[in-house]
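Asks: Encoded as structure tokens, here's the structure I'll be asking about.
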Amino acid sequence: MMEEKSTWWQNVKGLLQGFNLTLRHFSKARNHRQPIGINHKDYFFQPEGLVTLNYPQESLPVPDKGRYRLHNEIDDCIVCDLCAKVCPVNCITIESVKATEEIGITSDGTKKRLYAPVFDIDMAKCCYCGLCTTVCPTDCLTMTNVYDFPEVDIKNMIYHFTDLTPEQAQEKRELLEKQQAEIAKAKAEAKAKLAAKGGSQT
Amino acid sequence: MLALVLCLVLVLSMVVVLAYAERKIAAFMQDRLGPMEAGPYGSLQSVLDVVKLIQKEDIVPAAADKFLFKYAPVIIFAAVLAGFAVIPLTPAFIPSGTSLGVFYLLAILSLDVIGLLMAGWGSNNKFAVLGAMRSVAQIVSYEIPAGLAVLCVVMISQSLDFQEISFQQGILAHQTGTTNYLFGIKALGINTNEIGGFTTWNIFRAPFLLIAFLIYFIASLAESNRAPFDIPEAESELVAGFHTEYSGFRFAALFLAEYAMMLLVCLVAVVLFLGSWNTVLPNLGSMKLADWTTGQPGTLSGHLWGLFWLLSKTAILLFIQVAIRWTYPRLRVDQLMYLCWKVLTPVALGLVIIAAFWRLWMVG
Ligand code: SF4
Ligand code: SF4
């Protein structure tokens with residue numbers, strides 16, 4: 001009998017304790033997590049108060065070199081296709097067109113010899129592994145600290161980095177074709193000449 | 001007619017505030033922010049929710065019993081709203097001052113059950129039927145301890161009129177010809193008529209009513225399907241219980257009725273146990289705190305003070321209801337019935353007997 005009574009009382013005490021706990025959290029709700037970054041000493045230390053931020057208005061600062069949205073500085077890209085090859089999910093699409101002459105040099109001094117009429121990265125497929133940025137020889141493909149880029153239409157998740165308009169790209173292609181045709185012609189002529197020479201020899 | 005409009009406006013505005021407060025309180029208890037976008041600190045959230053619901057398509061399932069399905073929300077909302085008719089809001093304002101108010105209230109609240117069953121059955125959905133059955137079983141069971149607890153008050157007050165019960169619990173008691181003694185016992189010889197304040201509340205006039213109040217409060221949680229007695233609409237097992245199939249305006253009506261029910265049971269608790277619209281502050285010597293915070297019935301100050309005390313006491317009870325919801329886990333069906341039939345009902349029966357004796361001491 002005695003024992004039963006104590007359990008009954010313990011139950012009531014347990015109920016009150018639980019109630020007290022929620023009330024305590026309620027009363028501490030005046031305190032509020034501050035938008036501090038991971039470098040701050042209090043980042044992992046918040047004894048009480050609201051833990052969520054009013055997100056779009058305030059947000060936790062992310063590290064500058066975080067792995068978030070990719071950016072390609074197309075002026076520095078030599079269109080070597082390494083990034084597209086290493087990408088585990090094949091979300092980088094590159095189409096290259098050889099330039100007829102040297103286009104310029106990148107900021108680290110590499111010569112650019114290819115145009116990129118298509119340089120698309122599908123951010124919806126990207127798994128943010130960062131492999132493409134490590135293989136990039138000119139360090140033009142980088143990850144920025146932008147992480148909030150939702151789109152209504154999923155097609156907008158494909159980022160186009162090319163700096164050529166379709167017309168320009170067409171023009172470059174034609175130039176290349178012309179040059180190649182010329183080279184082929186020159187080669188054929190040279191071959192014919194060679195053949196003629198050889199013929200006279202035998 | 002004026003009373004109906006006033007009541008409807010008051011109830012709807014309180015309900016909207018309550019729905020917002022519930023979300024905010026829940027958020028704070030869980031260390032979240034809660035609604036923040038609509039209006040300052042999200043204060044327009046529940047208004048917009050209702051507006052959104054009203055705009056939505058009113059879907060009636062093809063296989064539903066159309067008649068039952070369509071009229072269930074009307075019955076539920078009407079039953080709850082009708083309950084407000086007998087609640088005295090101020091000393092001089094009560095929408096319908098019937099002398100059988102308590103009886104009427106208990107009766108009209110039972111009508112709610114029919115609406116719930118109609119909604120559940122009419123939906124032709126197993127979740128809805130299960131929810132409705134649970135809800136009916138629960139409400140019908142818990143009406144017994146709640147009714148017995150109310151009966152204790154009625155025995156102490158010797159009245160079924162809410163307004164008279166209210167008058168008895170304050171410094172205006174002489175208007176109904178009642179004399180209040182400390183703890184209601186005449187033999188102690190301490191007249192508290194002039195002291196008023198909390199000393200004349202029913203839970204002080206007859207301290208055992210504090211237990212009756214607890215019983216009523218627990219039972220009222222179950223009657224308004226509130227956690228921890230929310231098994232009729234247990235989200236994790238029954239989707240949304242009896243209103244699974246509802247959408248648009250009909251859902252809004254059910255949703256509002258649920259919150260209005262919470263408000264109503266808290267109002268009744270305040271009127272019956274916690275001194276109704278009477279002030280908390282007692283007259284202490286020359287500090288006439290009770291007189292200062294009670295206006296003459298019928299005057300503007302009388303109305304305002306009455307409404308203020310009634311609503312602030314109700315707000316505290318509502319806060320406790322909400323806090324309970326976010327503290328305690330849901331009861332199992334058998335635990336629910338155990339609590340009702342083996343704990344609350346016997347205790348309430350005992351209290352009825354005590355009430356009878358107490359009443360004798362009060363007059364003797
Ligand atoms: S981060 Fe990884 S997944 Fe994304 S584009 Fe680069 S290599 Fe592909
Ligand atoms: S690896 Fe770098 S340089 Fe090569 S194509 Fe990709 S972005 Fe351009």
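Simple scheme: letters A, B, ... for chains in structure tokens order, numbers from 1 for residues in each chain, numbers from 1 for ligands in the order shown.
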Got a sec to pull out which chain A residues are within 7 Å of chain B, counting only C-alpha atoms, and send them as a PyMOL selection string?
Replies: chain A and resi 18-19+22-23+25-26+29+49-52
Asks: May I have the selected residues written with N, CA and C atoms, as a tab-separated table (two decimals), in the first residue's frame?
Replies:
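The resulting file, out_28.tsv, is reproduced below:
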chain	number	residue	atom	x	y	z
A	18	GLY	N	7.94	17.77	-15.74
A	18	GLY	CA	7.86	17.97	-17.18
A	18	GLY	C	7.27	19.32	-17.51
A	19	PHE	N	6.23	19.66	-16.78
A	19	PHE	CA	5.58	20.95	-17.02
A	19	PHE	C	6.54	22.10	-16.75
A	22	THR	N	9.00	22.63	-19.68
A	22	THR	CA	8.52	23.41	-20.82
A	22	THR	C	8.37	24.88	-20.44
A	23	LEU	N	7.92	25.13	-19.22
A	23	LEU	CA	7.78	26.53	-18.81
A	23	LEU	C	9.13	27.21	-18.78
A	25	HIS	N	11.70	26.54	-20.64
A	25	HIS	CA	12.09	26.87	-22.02
A	25	HIS	C	11.30	28.07	-22.52
A	26	PHE	N	10.03	28.11	-22.15
A	26	PHE	CA	9.19	29.23	-22.58
A	26	PHE	C	9.73	30.55	-22.05
A	29	ALA	N	12.72	32.05	-23.72
A	29	ALA	CA	12.58	32.32	-25.16
A	29	ALA	C	12.94	33.75	-25.52
A	49	GLY	N	17.58	29.49	-24.69
A	49	GLY	CA	16.99	30.41	-25.65
A	49	GLY	C	16.72	29.77	-26.99
A	50	LEU	N	16.14	30.57	-27.89
A	50	LEU	CA	15.75	30.06	-29.19
A	50	LEU	C	16.99	29.71	-30.00
A	51	VAL	N	16.94	28.58	-30.66
A	51	VAL	CA	18.12	28.16	-31.41
A	51	VAL	C	17.99	28.42	-32.91
A	52	THR	N	16.80	28.77	-33.37
A	52	THR	CA	16.67	29.00	-34.80
A	52	THR	C	16.82	30.48	-35.10
Asks: When the cut-off is 12 Å and you count only C-alpha atoms and all ligand atoms, which residues lie near ligand 2, shown as a PyMOL selection string?
Replies: chain A and resi 70-87+91-96+105-108+110-121+130-143+161-162
Asks: At a cut-off of 9 Å, using only C-alpha atoms, what residues contact region 340-351 of chain B? Leave out same-chain residues fewer than 5 positions from it and give the result as a VMD selection string.
Replies: chain B and resid 138 141 to 142 144 to 149 152 208 to 209 211 to 212 215 218 to 219 335 356
Asks: Go ahead and dump the residues you just picked, all heavy atoms, as a short mmCIF file (atom, residue, chain, number, x, y, z; two decimals), in the first residue's frame.
Replies:
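The resulting file, again_29.cif, is reproduced below:
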data_model
loop_
_atom_site.label_atom_id
_atom_site.label_comp_id
_atom_site.auth_asym_id
_atom_site.auth_seq_id
_atom_site.Cartn_x
_atom_site.Cartn_y
_atom_site.Cartn_z
N GLN B 138 -14.64 9.04 -25.86
CA GLN B 138 -13.92 9.87 -24.90
C GLN B 138 -14.80 10.97 -24.33
O GLN B 138 -14.86 11.18 -23.13
CB GLN B 138 -12.73 10.45 -25.64
CG GLN B 138 -12.03 11.55 -24.94
CD GLN B 138 -10.85 12.00 -25.75
OE1 GLN B 138 -10.24 11.24 -26.50
NE2 GLN B 138 -10.49 13.25 -25.63
N SER B 141 -17.52 9.63 -22.04
CA SER B 141 -16.99 9.19 -20.75
C SER B 141 -16.61 10.37 -19.87
O SER B 141 -16.93 10.41 -18.69
CB SER B 141 -15.73 8.35 -20.95
OG SER B 141 -15.98 7.33 -21.85
N TYR B 142 -15.94 11.33 -20.47
CA TYR B 142 -15.43 12.42 -19.64
C TYR B 142 -16.50 13.40 -19.23
O TYR B 142 -16.28 14.24 -18.37
CB TYR B 142 -14.26 13.12 -20.34
CG TYR B 142 -12.97 12.42 -20.05
CD1 TYR B 142 -12.57 11.32 -20.79
CD2 TYR B 142 -12.16 12.83 -19.00
CE1 TYR B 142 -11.40 10.66 -20.51
CE2 TYR B 142 -10.99 12.17 -18.71
CZ TYR B 142 -10.61 11.08 -19.46
OH TYR B 142 -9.46 10.42 -19.16
N ILE B 144 -18.92 12.59 -17.60
CA ILE B 144 -19.37 12.19 -16.26
C ILE B 144 -18.56 12.86 -15.16
O ILE B 144 -19.13 13.56 -14.32
CB ILE B 144 -19.39 10.65 -16.16
CG1 ILE B 144 -20.49 10.16 -17.10
CG2 ILE B 144 -19.64 10.19 -14.75
CD1 ILE B 144 -20.44 8.71 -17.39
N PRO B 145 -17.22 12.71 -15.15
CA PRO B 145 -16.49 13.44 -14.11
C PRO B 145 -16.67 14.95 -14.22
O PRO B 145 -16.80 15.65 -13.21
CB PRO B 145 -15.03 13.04 -14.32
CG PRO B 145 -14.96 12.30 -15.58
CD PRO B 145 -16.33 11.81 -15.90
N ALA B 146 -16.72 15.46 -15.46
CA ALA B 146 -16.90 16.91 -15.62
C ALA B 146 -18.24 17.32 -15.04
O ALA B 146 -18.34 18.29 -14.29
CB ALA B 146 -16.82 17.30 -17.09
N GLY B 147 -19.28 16.54 -15.36
CA GLY B 147 -20.61 16.87 -14.85
C GLY B 147 -20.66 16.79 -13.34
O GLY B 147 -21.26 17.65 -12.69
N LEU B 148 -19.99 15.79 -12.75
CA LEU B 148 -20.00 15.66 -11.30
C LEU B 148 -19.27 16.82 -10.65
O LEU B 148 -19.70 17.36 -9.62
CB LEU B 148 -19.36 14.33 -10.88
CG LEU B 148 -20.20 13.08 -11.20
CD1 LEU B 148 -19.41 11.83 -10.91
CD2 LEU B 148 -21.48 13.10 -10.40
N ALA B 149 -18.15 17.24 -11.26
CA ALA B 149 -17.41 18.38 -10.71
C ALA B 149 -18.27 19.63 -10.75
O ALA B 149 -18.30 20.42 -9.80
CB ALA B 149 -16.11 18.58 -11.48
N CYS B 152 -20.83 19.65 -8.01
CA CYS B 152 -20.34 20.12 -6.71
C CYS B 152 -20.55 21.62 -6.59
O CYS B 152 -21.02 22.13 -5.56
CB CYS B 152 -18.85 19.82 -6.56
SG CYS B 152 -18.49 18.09 -6.50
N PHE B 208 -12.40 22.25 -1.07
CA PHE B 208 -12.34 20.97 -1.78
C PHE B 208 -12.68 21.14 -3.26
O PHE B 208 -12.39 20.28 -4.07
CB PHE B 208 -13.30 19.95 -1.14
CG PHE B 208 -14.74 20.22 -1.48
CD1 PHE B 208 -15.33 19.59 -2.56
CD2 PHE B 208 -15.48 21.12 -0.74
CE1 PHE B 208 -16.64 19.85 -2.89
CE2 PHE B 208 -16.79 21.38 -1.07
CZ PHE B 208 -17.37 20.75 -2.14
N LEU B 209 -13.27 22.29 -3.60
CA LEU B 209 -13.59 22.53 -5.00
C LEU B 209 -12.34 22.68 -5.85
O LEU B 209 -12.39 22.60 -7.07
CB LEU B 209 -14.47 23.77 -5.15
CG LEU B 209 -15.94 23.58 -4.80
CD1 LEU B 209 -16.69 24.87 -5.05
CD2 LEU B 209 -16.55 22.47 -5.62
N ILE B 211 -10.05 20.50 -5.90
CA ILE B 211 -9.91 19.18 -6.53
C ILE B 211 -10.95 19.04 -7.64
O ILE B 211 -10.66 18.54 -8.72
CB ILE B 211 -10.08 18.07 -5.48
CG1 ILE B 211 -9.08 18.31 -4.34
CG2 ILE B 211 -9.85 16.71 -6.10
CD1 ILE B 211 -9.33 17.44 -3.14
N ALA B 212 -12.15 19.53 -7.34
CA ALA B 212 -13.20 19.47 -8.36
C ALA B 212 -12.75 20.25 -9.59
O ALA B 212 -12.98 19.84 -10.73
CB ALA B 212 -14.49 20.06 -7.82
N ILE B 215 -10.34 18.17 -11.55
CA ILE B 215 -11.05 17.13 -12.28
C ILE B 215 -11.75 17.73 -13.50
O ILE B 215 -11.66 17.22 -14.61
CB ILE B 215 -12.07 16.43 -11.36
CG1 ILE B 215 -11.33 15.64 -10.30
CG2 ILE B 215 -13.00 15.53 -12.16
CD1 ILE B 215 -12.22 15.00 -9.29
N ILE B 218 -9.15 18.61 -16.20
CA ILE B 218 -8.65 17.44 -16.92
C ILE B 218 -9.74 16.92 -17.87
O ILE B 218 -9.49 16.66 -19.04
CB ILE B 218 -8.22 16.34 -15.92
CG1 ILE B 218 -7.01 16.82 -15.14
CG2 ILE B 218 -7.91 15.05 -16.65
CD1 ILE B 218 -6.63 15.92 -14.00
N ALA B 219 -10.96 16.83 -17.34
CA ALA B 219 -12.04 16.32 -18.18
C ALA B 219 -12.32 17.26 -19.34
O ALA B 219 -12.64 16.83 -20.45
CB ALA B 219 -13.30 16.14 -17.34
N GLN B 335 -5.47 3.77 -21.14
CA GLN B 335 -5.07 4.68 -20.06
C GLN B 335 -6.10 5.79 -19.90
O GLN B 335 -6.44 6.20 -18.79
CB GLN B 335 -3.71 5.31 -20.37
CG GLN B 335 -2.57 4.32 -20.31
CD GLN B 335 -1.31 4.89 -20.89
OE1 GLN B 335 -1.34 5.77 -21.75
NE2 GLN B 335 -0.18 4.37 -20.44
N ALA B 356 -22.13 18.05 -0.30
CA ALA B 356 -23.39 18.05 0.44
C ALA B 356 -23.15 18.47 1.89
O ALA B 356 -23.85 19.34 2.43
CB ALA B 356 -24.01 16.67 0.38
#
Asks: Which parts of chain A does DSSP call alpha helix (DSSP H) when run on the backbone here, written out as a VMD selection string?
Replies: chain A and resid 2 to 27 82 to 86 131 to 135 166 to 201
Asks: Pick out the residues sitting within 7 Å of Met118 (chain B), and hand them over as an MDAnalysis selection string; count only C-alpha atoms, and ignore anything fewer than 4 positions along from it in its own chain.
Replies: chainID B and resid 68:69 72 114 122
Asks: Using only C-alpha atoms, which protein or nucleic acid residues come within 12 Å of Ala124 (chain A)? Drop anything in the same chain fewer than 5 positions from it, and give the result as a list in words.
Replies: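 In the requested format, the answer is Arg69, Leu70, Val89, Asn90, Cys91, Ile92, Phe149, Pro150, Glu151, Asp153, Ile154, Lys155, Asn156, Met157, Ile158 and Tyr159 of chain A.
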Asks: For all heavy atoms, I'd like the residues from the last selection saved as a tab-separated table (two decimals), in the first residue's frame.
Replies:
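Contents of out_8.tsv, freshly written:
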chain	number	residue	atom	x	y	z
A	69	ARG	N	27.97	27.10	-54.12
A	69	ARG	CA	27.74	27.19	-55.56
A	69	ARG	C	29.06	27.38	-56.32
A	69	ARG	O	29.94	28.11	-55.87
A	69	ARG	CB	26.80	28.37	-55.84
A	69	ARG	CG	26.43	28.45	-57.28
A	69	ARG	CD	25.26	29.35	-57.48
A	69	ARG	NE	25.65	30.74	-57.32
A	69	ARG	CZ	24.77	31.74	-57.41
A	69	ARG	NH1	23.51	31.49	-57.61
A	69	ARG	NH2	25.17	32.97	-57.26
A	70	LEU	N	29.15	26.73	-57.47
A	70	LEU	CA	30.36	26.84	-58.28
A	70	LEU	C	30.34	28.14	-59.07
A	70	LEU	O	29.29	28.65	-59.46
A	70	LEU	CB	30.43	25.67	-59.25
A	70	LEU	CG	30.81	24.33	-58.65
A	70	LEU	CD1	30.49	23.24	-59.64
A	70	LEU	CD2	32.27	24.31	-58.27
A	89	VAL	N	29.28	13.02	-61.23
A	89	VAL	CA	27.88	12.95	-61.65
A	89	VAL	C	27.66	13.52	-63.04
A	89	VAL	O	26.53	13.67	-63.47
A	89	VAL	CB	26.96	13.68	-60.65
A	89	VAL	CG1	26.93	12.96	-59.34
A	89	VAL	CG2	27.37	15.11	-60.49
A	90	ASN	N	28.75	13.81	-63.72
A	90	ASN	CA	28.67	14.33	-65.09
A	90	ASN	C	27.73	15.52	-65.21
A	90	ASN	O	26.84	15.52	-66.05
A	90	ASN	CB	28.20	13.24	-66.05
A	90	ASN	CG	29.27	12.21	-66.27
A	90	ASN	OD1	30.46	12.51	-66.03
A	90	ASN	ND2	28.89	11.03	-66.68
A	91	CYS	N	27.92	16.48	-64.38
A	91	CYS	CA	27.01	17.62	-64.50
A	91	CYS	C	27.65	18.79	-65.23
A	91	CYS	O	27.00	19.82	-65.39
A	91	CYS	CB	26.48	18.02	-63.15
A	91	CYS	SG	27.71	18.59	-62.04
A	92	ILE	N	28.90	18.65	-65.65
A	92	ILE	CA	29.52	19.72	-66.42
A	92	ILE	C	29.52	19.33	-67.89
A	92	ILE	O	29.93	18.24	-68.26
A	92	ILE	CB	30.96	19.98	-65.95
A	92	ILE	CG1	30.98	20.22	-64.44
A	92	ILE	CG2	31.57	21.15	-66.69
A	92	ILE	CD1	32.33	20.52	-63.87
A	149	PHE	N	20.20	29.38	-53.48
A	149	PHE	CA	19.85	29.76	-54.85
A	149	PHE	C	18.76	28.86	-55.40
A	149	PHE	O	18.90	28.23	-56.44
A	149	PHE	CB	21.09	29.74	-55.76
A	149	PHE	CG	21.96	28.52	-55.61
A	149	PHE	CD1	21.87	27.46	-56.50
A	149	PHE	CD2	22.89	28.44	-54.59
A	149	PHE	CE1	22.66	26.35	-56.36
A	149	PHE	CE2	23.69	27.34	-54.45
A	149	PHE	CZ	23.58	26.29	-55.32
A	150	PRO	N	17.63	28.81	-54.71
A	150	PRO	CA	16.54	27.99	-55.22
A	150	PRO	C	15.93	28.61	-56.48
A	150	PRO	O	16.02	29.82	-56.68
A	150	PRO	CB	15.52	27.99	-54.08
A	150	PRO	CG	15.81	29.22	-53.32
A	150	PRO	CD	17.24	29.55	-53.51
A	151	GLU	N	15.36	27.77	-57.31
A	151	GLU	CA	14.72	28.24	-58.54
A	151	GLU	C	13.34	27.62	-58.65
A	151	GLU	O	13.13	26.50	-58.18
A	151	GLU	CB	15.54	27.80	-59.76
A	151	GLU	CG	16.94	28.37	-59.85
A	151	GLU	CD	16.92	29.83	-60.26
A	151	GLU	OE1	15.83	30.33	-60.61
A	151	GLU	OE2	17.99	30.45	-60.19
A	153	ASP	N	11.89	27.12	-61.66
A	153	ASP	CA	12.02	26.21	-62.80
A	153	ASP	C	13.37	25.52	-62.70
A	153	ASP	O	14.41	26.18	-62.63
A	153	ASP	CB	11.93	27.02	-64.09
A	153	ASP	CG	11.90	26.10	-65.30
A	153	ASP	OD1	12.12	24.89	-65.12
A	153	ASP	OD2	11.65	26.60	-66.41
A	154	ILE	N	13.34	24.20	-62.75
A	154	ILE	CA	14.59	23.48	-62.52
A	154	ILE	C	15.59	23.73	-63.63
A	154	ILE	O	16.80	23.58	-63.44
A	154	ILE	CB	14.31	21.98	-62.32
A	154	ILE	CG1	15.54	21.32	-61.71
A	154	ILE	CG2	13.93	21.31	-63.62
A	154	ILE	CD1	15.27	20.12	-60.92
A	155	LYS	N	15.11	24.16	-64.78
A	155	LYS	CA	16.04	24.44	-65.88
A	155	LYS	C	16.99	25.59	-65.51
A	155	LYS	O	18.10	25.65	-66.01
A	155	LYS	CB	15.26	24.82	-67.13
A	155	LYS	CG	14.56	23.65	-67.78
A	155	LYS	CD	14.25	23.94	-69.24
A	155	LYS	CE	13.31	22.91	-69.79
A	155	LYS	NZ	11.89	23.26	-69.46
A	156	ASN	N	16.50	26.46	-64.65
A	156	ASN	CA	17.36	27.58	-64.26
A	156	ASN	C	18.50	27.16	-63.35
A	156	ASN	O	19.34	27.96	-63.00
A	156	ASN	CB	16.54	28.66	-63.55
A	156	ASN	CG	15.54	29.29	-64.48
A	156	ASN	OD1	15.70	29.19	-65.69
A	156	ASN	ND2	14.52	29.90	-63.92
A	157	MET	N	18.47	25.89	-62.92
A	157	MET	CA	19.58	25.41	-62.11
A	157	MET	C	20.81	25.11	-62.97
A	157	MET	O	21.87	24.82	-62.46
A	157	MET	CB	19.18	24.14	-61.34
A	157	MET	CG	18.22	24.39	-60.21
A	157	MET	SD	18.90	25.46	-58.96
A	157	MET	CE	19.86	24.30	-58.00
A	158	ILE	N	20.63	25.13	-64.27
A	158	ILE	CA	21.80	24.93	-65.15
A	158	ILE	C	22.43	26.29	-65.37
A	158	ILE	O	21.80	27.20	-65.90
A	158	ILE	CB	21.36	24.30	-66.49
A	158	ILE	CG1	20.71	22.95	-66.22
A	158	ILE	CG2	22.55	24.15	-67.40
A	158	ILE	CD1	20.14	22.30	-67.44
A	159	TYR	N	23.65	26.41	-64.95
A	159	TYR	CA	24.33	27.70	-65.07
A	159	TYR	C	25.16	27.70	-66.34
A	159	TYR	O	25.93	26.78	-66.58
A	159	TYR	CB	25.21	27.94	-63.84
A	159	TYR	CG	24.41	28.35	-62.63
A	159	TYR	CD1	23.54	27.45	-62.04
A	159	TYR	CD2	24.50	29.63	-62.10
A	159	TYR	CE1	22.78	27.81	-60.95
A	159	TYR	CE2	23.75	29.99	-61.00
A	159	TYR	CZ	22.90	29.08	-60.43
A	159	TYR	OH	22.15	29.44	-59.35
Asks: Using Å and a single decimal, report how far CA of Asp58 (chain B) sits from CA of Ser123 (chain B).
Replies: 13.5 Å
Asks: With a distance cut-off of 10 Å and only C-alpha atoms, select the neighbouring residues of Val129 (chain B), excluding the residue or stretch itself and same-chain residues fewer than 2 positions from it, and output the selection as a ChimeraX atom specification.
Replies: /B:116-127,131-135,232,238,241-244
Asks: Based on the selection just made, write N, CA, C and O atoms of those residues as a short mmCIF file (atom, residue, chain, number, x, y, z; two decimals), in the first residue's frame.
Replies:
data_model
loop_
_atom_site.label_atom_id
_atom_site.label_comp_id
_atom_site.auth_asym_id
_atom_site.auth_seq_id
_atom_site.Cartn_x
_atom_site.Cartn_y
_atom_site.Cartn_z
N LEU B 116 -19.53 15.30 -34.36
CA LEU B 116 -18.29 14.56 -34.59
C LEU B 116 -18.58 13.22 -35.25
O LEU B 116 -17.91 12.81 -36.20
N LEU B 117 -19.60 12.55 -34.77
CA LEU B 117 -19.93 11.23 -35.31
C LEU B 117 -20.40 11.37 -36.76
O LEU B 117 -20.03 10.58 -37.63
N MET B 118 -21.18 12.41 -37.02
CA MET B 118 -21.63 12.66 -38.39
C MET B 118 -20.44 12.89 -39.30
O MET B 118 -20.38 12.34 -40.42
N ALA B 119 -19.51 13.71 -38.84
CA ALA B 119 -18.34 14.02 -39.66
C ALA B 119 -17.56 12.75 -39.94
O ALA B 119 -17.16 12.49 -41.08
N GLY B 120 -17.35 11.95 -38.92
CA GLY B 120 -16.54 10.75 -39.08
C GLY B 120 -17.22 9.72 -39.96
O GLY B 120 -16.63 9.17 -40.88
N TRP B 121 -18.49 9.49 -39.70
CA TRP B 121 -19.25 8.49 -40.46
C TRP B 121 -19.45 8.95 -41.89
O TRP B 121 -19.27 8.19 -42.83
N GLY B 122 -19.82 10.21 -42.05
CA GLY B 122 -20.12 10.74 -43.36
C GLY B 122 -18.92 10.76 -44.29
O GLY B 122 -19.07 10.70 -45.50
N SER B 123 -17.72 10.85 -43.72
CA SER B 123 -16.53 10.94 -44.57
C SER B 123 -16.25 9.65 -45.32
O SER B 123 -15.53 9.67 -46.31
N ASN B 124 -16.77 8.55 -44.84
CA ASN B 124 -16.52 7.26 -45.46
C ASN B 124 -15.02 7.00 -45.59
O ASN B 124 -14.51 6.70 -46.66
N ASN B 125 -14.35 7.16 -44.48
CA ASN B 125 -12.91 7.02 -44.46
C ASN B 125 -12.56 6.36 -43.15
O ASN B 125 -13.10 6.72 -42.11
N LYS B 126 -11.70 5.34 -43.19
CA LYS B 126 -11.52 4.60 -41.94
C LYS B 126 -10.85 5.42 -40.85
O LYS B 126 -11.16 5.26 -39.68
N PHE B 127 -9.97 6.32 -41.25
CA PHE B 127 -9.34 7.16 -40.23
C PHE B 127 -10.40 8.03 -39.56
O PHE B 127 -10.42 8.21 -38.34
N GLY B 131 -11.47 7.92 -35.73
CA GLY B 131 -11.32 9.15 -34.96
C GLY B 131 -12.63 9.53 -34.31
O GLY B 131 -12.68 9.88 -33.12
N ALA B 132 -13.71 9.43 -35.07
CA ALA B 132 -15.01 9.83 -34.53
C ALA B 132 -15.42 8.89 -33.40
O ALA B 132 -15.92 9.34 -32.36
N MET B 133 -15.15 7.58 -33.58
CA MET B 133 -15.55 6.65 -32.51
C MET B 133 -14.78 6.92 -31.23
O MET B 133 -15.34 6.96 -30.14
N ARG B 134 -13.48 7.13 -31.41
CA ARG B 134 -12.68 7.42 -30.23
C ARG B 134 -13.15 8.70 -29.56
O ARG B 134 -13.26 8.78 -28.35
N SER B 135 -13.43 9.67 -30.40
CA SER B 135 -13.81 10.97 -29.87
C SER B 135 -15.12 10.88 -29.11
O SER B 135 -15.27 11.44 -28.02
N PRO B 232 -8.51 11.22 -30.57
CA PRO B 232 -9.41 11.23 -31.72
C PRO B 232 -8.75 11.78 -32.97
O PRO B 232 -9.14 11.45 -34.07
N LEU B 238 -3.88 8.54 -36.94
CA LEU B 238 -5.17 8.69 -37.62
C LEU B 238 -5.19 9.84 -38.61
O LEU B 238 -6.26 10.36 -38.91
N GLY B 241 -7.92 12.32 -37.83
CA GLY B 241 -9.14 11.91 -37.14
C GLY B 241 -10.37 12.27 -37.94
O GLY B 241 -10.37 12.17 -39.17
N PHE B 242 -11.40 12.70 -37.25
CA PHE B 242 -12.69 12.86 -37.93
C PHE B 242 -12.67 13.92 -39.01
O PHE B 242 -13.54 13.91 -39.87
N HIS B 243 -11.72 14.84 -39.02
CA HIS B 243 -11.75 15.83 -40.10
C HIS B 243 -10.69 15.57 -41.18
O HIS B 243 -10.29 16.48 -41.88
N THR B 244 -10.32 14.32 -41.33
CA THR B 244 -9.35 13.98 -42.37
C THR B 244 -9.79 14.43 -43.76
O THR B 244 -9.01 14.96 -44.53
#
